[in-house]
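First the structure, in the form of structure tokens, and then the observations on it.
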Amino acid sequence: MGRGKIVIRRIDNSTSRQVTFSKRRSGLLKKAKELAILCDADVGLIIFSSTGKLYDFASSSMKGIIDRYSKSKAENHQDLTTTAEAMREAASLTQQLRNLQEKQRQLKGEELSGLNVKDLQDLENQLEVSLREVRRRKDQLLTDEIEELNRKGQLMHQENMELYKKVYGQRSADETRRSALNSGFNFGDDLHLPIQLQLSQPQPQQYEASSKVTTLR
């Protein structure tokens, strides 16, 4: 017949409590040794009795195990703190994103049912300020583009003038000198040059009138 299930609670009888403590302490120490040997684990066990007596077991150095435990505990605490801060920051950013999305929809004229008169007035003022800023920026960009086009036009005009002077400047000067010489009467070099005169042919009407005068005569 098997043993009945023991209720896990404080044993009132001091003698029974001391006997149970001794038995279970020995079993716990035995299990700790077996765990360290079988699984190649670094095990440290500390037990204080109700009277304050210390019982301990360490598979290597108790101080090394305690230092390792403290370091691991601090790292875990830091990780938990970092995780908690990251979660709080993520929640804050999520809320800010929702607020911005709601504000953007309101600027588009959507979801205005929850706004009162003051909120609508503030939204209208904000839209007017934004509109003025957009127009100012647009005018500035247009002015910059016009100035840039004027600057490029002036540069192109200068380049064209320089190119024209290089290509046609000397030729135009030579042609101007030739035209001036051909249009003037320069007899200073030779006064005995023959002068060719040409008679213009009479007009038909004038010839007929001369014939009639001759006939009458």
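Chain lettering (A, B, ...) mirrors the order of the structure tokens, residue numbering begins at 1 for each chain separately, and ligand numbering begins at 1 in order of display.
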Q.
I'd like the neighbourhood of Leu45 of chain A as a list of chain:residue names, where a residue qualifies if any of its atoms comes within 12 Å (using only C-alpha atoms), though same-chain residues fewer than 6 positions away should be ignored.
A. A:Arg25, A:Ser26, A:Leu28, A:Leu29, A:Lys30, A:Lys31, A:Ala32, A:Lys33, A:Leu35, A:Ala36, A:Leu54, A:Tyr55, A:Asp56, A:Phe57, A:Ala58, A:Ser59, A:Ser60, A:Ser61, A:Met62, A:Lys63, A:Ile65, A:Ile66
Can you write out the residues you just picked, keeping N, CA and C atoms, as a CSV table (one decimal), in the first residue's frame?
chain,number,residue,atom,x,y,z
A,25,ARG,N,17.0,17.7,3.5
A,25,ARG,CA,18.2,18.4,3.3
A,25,ARG,C,19.2,17.5,2.7
A,26,SER,N,19.3,16.3,3.2
A,26,SER,CA,20.3,15.3,2.7
A,26,SER,C,19.9,14.9,1.2
A,28,LEU,N,18.2,16.8,-0.9
A,28,LEU,CA,18.5,17.9,-1.8
A,28,LEU,C,20.0,18.1,-2.1
A,29,LEU,N,20.8,17.9,-1.1
A,29,LEU,CA,22.2,17.9,-1.3
A,29,LEU,C,22.7,16.8,-2.3
A,30,LYS,N,22.1,15.6,-2.1
A,30,LYS,CA,22.4,14.5,-3.0
A,30,LYS,C,22.0,14.8,-4.4
A,31,LYS,N,20.8,15.4,-4.6
A,31,LYS,CA,20.3,15.7,-5.9
A,31,LYS,C,21.2,16.8,-6.6
A,32,ALA,N,21.7,17.7,-5.8
A,32,ALA,CA,22.6,18.8,-6.3
A,32,ALA,C,23.9,18.2,-6.8
A,33,LYS,N,24.5,17.3,-6.0
A,33,LYS,CA,25.7,16.6,-6.5
A,33,LYS,C,25.5,15.8,-7.7
A,35,LEU,N,23.2,16.3,-10.0
A,35,LEU,CA,23.0,17.2,-11.2
A,35,LEU,C,24.3,17.8,-11.7
A,36,ALA,N,25.2,18.1,-10.8
A,36,ALA,CA,26.5,18.7,-11.2
A,36,ALA,C,27.3,17.7,-11.9
A,54,LEU,N,24.0,26.9,8.9
A,54,LEU,CA,24.2,27.0,7.4
A,54,LEU,C,24.6,25.6,6.9
A,55,TYR,N,24.0,25.2,5.8
A,55,TYR,CA,24.4,24.0,5.0
A,55,TYR,C,24.6,24.5,3.6
A,56,ASP,N,25.7,24.1,2.9
A,56,ASP,CA,25.9,24.6,1.6
A,56,ASP,C,26.6,23.5,0.8
A,57,PHE,N,26.5,23.6,-0.6
A,57,PHE,CA,27.2,22.8,-1.5
A,57,PHE,C,27.5,23.6,-2.7
A,58,ALA,N,28.8,23.4,-3.2
A,58,ALA,CA,29.2,24.1,-4.5
A,58,ALA,C,30.0,23.1,-5.3
A,59,SER,N,29.6,23.0,-6.6
A,59,SER,CA,30.3,22.1,-7.4
A,59,SER,C,31.7,22.6,-7.8
A,60,SER,N,31.9,23.9,-7.7
A,60,SER,CA,33.3,24.5,-7.9
A,60,SER,C,33.6,25.4,-6.7
A,61,SER,N,33.6,26.7,-6.9
A,61,SER,CA,33.9,27.7,-5.9
A,61,SER,C,32.6,28.4,-5.6
A,62,MET,N,32.2,28.4,-4.3
A,62,MET,CA,31.0,29.1,-3.9
A,62,MET,C,31.0,30.6,-4.3
A,63,LYS,N,32.2,31.2,-4.0
A,63,LYS,CA,32.3,32.6,-4.3
A,63,LYS,C,32.2,32.9,-5.8
A,65,ILE,N,30.6,31.0,-7.9
A,65,ILE,CA,29.2,30.8,-8.3
A,65,ILE,C,28.3,32.0,-7.9
A,66,ILE,N,28.6,32.6,-6.7
A,66,ILE,CA,27.8,33.8,-6.3
A,66,ILE,C,28.1,35.0,-7.2
(Q) I'd like the neighbourhood of Ser50 of chain A as a ChimeraX atom specification, where a residue qualifies if any of its atoms comes within 12 Å (using only C-alpha atoms), though same-chain residues fewer than 5 positions away should be ignored. (A) /A:10,14,17-18,21-22,55
Q: Would you kindly return, as JSON, numbers by chain, each protein, DNA or RNA residue with an atom no farther than 12 Å from any atom of segment 122-126 of chain A, considering only C-alpha atoms and excluding same-chain residues fewer than 2 positions away?
A: {"A": [103, 104, 105, 106, 107, 108, 109, 110, 112, 115, 116, 117, 118, 119, 120, 128, 129, 130, 131, 132, 133]}
Q: For atom CA of Asp79 of chain A and atom CA of Arg98 of chain A, determine how far apart the two atoms are, in Å to one decimal place.
A: 28.2 Å
Q: as number ranges by chain, please: all residues of segment 26-179 of chain A that backbone DSSP puts in strand (DSSP E or B).
A: A: 44-48, 54-58
(Q) From a backbone DSSP assignment, name each residue in segment 36-178 of chain A labelled alpha helix (DSSP H), as a PyMOL selection string. (A) chain A and resi 36-39+62-107+117-178
So that I have them on file, write out the residues from the current selection with C-alpha atoms, as a compact mmCIF listing (two decimals), in the first residue's frame.
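Output below, filename result-v9.txt:
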# COMPACT_ATOMS: atom_id res chain seq x y z
CA ALA A 36 26.49 18.71 -11.18
CA ILE A 37 28.13 15.39 -12.10
CA LEU A 38 25.62 14.07 -14.62
CA CYS A 39 24.96 17.32 -16.50
CA MET A 62 30.96 29.07 -3.93
CA LYS A 63 32.34 32.62 -4.32
CA GLY A 64 32.71 32.17 -8.08
CA ILE A 65 29.17 30.83 -8.32
CA ILE A 66 27.81 33.76 -6.29
CA ASP A 67 29.72 36.31 -8.39
CA ARG A 68 28.48 34.67 -11.56
CA TYR A 69 24.95 34.72 -10.21
CA SER A 70 25.20 38.41 -9.26
CA LYS A 71 26.54 39.34 -12.70
CA SER A 72 23.86 37.36 -14.48
CA LYS A 73 21.20 38.87 -12.24
CA ALA A 74 22.43 42.39 -13.02
CA GLU A 75 22.48 41.68 -16.76
CA ASN A 76 18.98 40.27 -16.63
CA HIS A 77 17.80 43.28 -14.66
CA GLN A 78 19.43 45.60 -17.19
CA ASP A 79 17.84 43.70 -20.04
CA LEU A 80 14.48 43.92 -18.35
CA THR A 81 14.95 47.65 -17.77
CA THR A 82 16.00 48.19 -21.38
CA THR A 83 13.08 46.15 -22.60
CA ALA A 84 10.66 48.10 -20.42
CA GLU A 85 12.07 51.43 -21.65
CA ALA A 86 11.88 50.25 -25.24
CA MET A 87 8.28 49.19 -24.76
CA ARG A 88 7.39 52.56 -23.21
CA GLU A 89 9.13 54.42 -26.03
CA ALA A 90 7.38 52.27 -28.62
CA ALA A 91 4.02 52.97 -27.00
CA SER A 92 4.77 56.72 -26.97
CA LEU A 93 5.79 56.70 -30.63
CA THR A 94 2.69 54.72 -31.54
CA GLN A 95 0.49 57.27 -29.80
CA GLN A 96 2.31 60.14 -31.52
CA LEU A 97 1.81 58.43 -34.88
CA ARG A 98 -1.90 58.06 -34.21
CA ASN A 99 -2.16 61.73 -33.24
CA LEU A 100 -0.33 62.80 -36.39
CA GLN A 101 -2.54 60.61 -38.56
CA GLU A 102 -5.65 62.05 -36.94
CA LYS A 103 -4.30 65.59 -37.41
CA GLN A 104 -3.55 64.86 -41.05
CA ARG A 105 -7.07 63.59 -41.65
CA GLN A 106 -8.48 66.71 -40.01
CA LEU A 107 -6.33 68.92 -42.23
CA VAL A 117 -16.06 75.55 -32.52
CA LYS A 118 -12.73 76.50 -30.93
CA ASP A 119 -11.00 73.45 -32.37
CA LEU A 120 -12.39 74.23 -35.81
CA GLN A 121 -11.25 77.86 -35.51
CA ASP A 122 -7.74 76.72 -34.54
CA LEU A 123 -7.72 74.31 -37.47
CA GLU A 124 -8.80 77.08 -39.84
CA ASN A 125 -6.06 79.40 -38.57
CA GLN A 126 -3.49 76.66 -39.00
CA LEU A 127 -4.63 76.04 -42.56
CA GLU A 128 -4.37 79.74 -43.38
CA VAL A 129 -0.85 79.92 -41.96
CA SER A 130 0.14 76.81 -43.90
CA LEU A 131 -1.38 78.22 -47.09
CA ARG A 132 0.55 81.48 -46.74
CA GLU A 133 3.76 79.57 -46.17
CA VAL A 134 3.14 77.37 -49.22
CA ARG A 135 2.47 80.42 -51.39
CA ARG A 136 5.57 82.18 -50.08
CA ARG A 137 7.69 79.14 -50.83
CA LYS A 138 6.19 78.82 -54.31
CA ASP A 139 6.85 82.49 -55.09
CA GLN A 140 10.41 82.14 -53.86
CA LEU A 141 11.01 79.13 -56.10
CA LEU A 142 9.52 80.93 -59.11
CA THR A 143 11.67 83.99 -58.43
CA ASP A 144 14.78 81.84 -58.16
CA GLU A 145 13.95 80.09 -61.43
CA ILE A 146 13.38 83.42 -63.22
CA GLU A 147 16.68 84.79 -61.95
CA GLU A 148 18.45 81.64 -63.04
CA LEU A 149 16.89 81.84 -66.51
CA ASN A 150 17.90 85.51 -66.80
CA ARG A 151 21.44 84.68 -65.77
CA LYS A 152 21.62 81.87 -68.34
CA GLY A 153 20.15 84.18 -70.99
CA GLN A 154 22.79 86.82 -70.30
CA LEU A 155 25.55 84.24 -70.48
CA MET A 156 24.21 82.91 -73.77
CA HIS A 157 23.95 86.46 -75.14
CA GLN A 158 27.56 87.19 -74.19
CA GLU A 159 28.72 83.92 -75.73
CA ASN A 160 26.81 84.68 -78.94
CA MET A 161 28.33 88.17 -79.15
CA GLU A 162 31.82 86.83 -78.66
CA LEU A 163 31.23 84.11 -81.25
CA TYR A 164 29.79 86.64 -83.69
CA LYS A 165 32.82 88.88 -83.25
CA LYS A 166 35.17 85.96 -83.83
CA VAL A 167 33.37 84.75 -86.98
CA TYR A 168 32.02 87.94 -88.57
CA GLY A 169 34.01 90.72 -86.96
CA GLN A 170 37.02 90.76 -89.32
CA ARG A 171 34.92 90.02 -92.39
CA SER A 172 32.50 92.86 -91.66
CA ALA A 173 35.39 95.30 -91.20
CA ASP A 174 36.94 94.30 -94.54
CA GLU A 175 33.60 94.57 -96.36
CA THR A 176 32.98 98.00 -94.85
CA ARG A 177 36.33 99.28 -96.10
CA ARG A 178 35.71 97.88 -99.58
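Computed from the coordinates, the atom CA of Lys53 of chain A to atom CA of Asp12 of chain A distance equals 19.8 Å.
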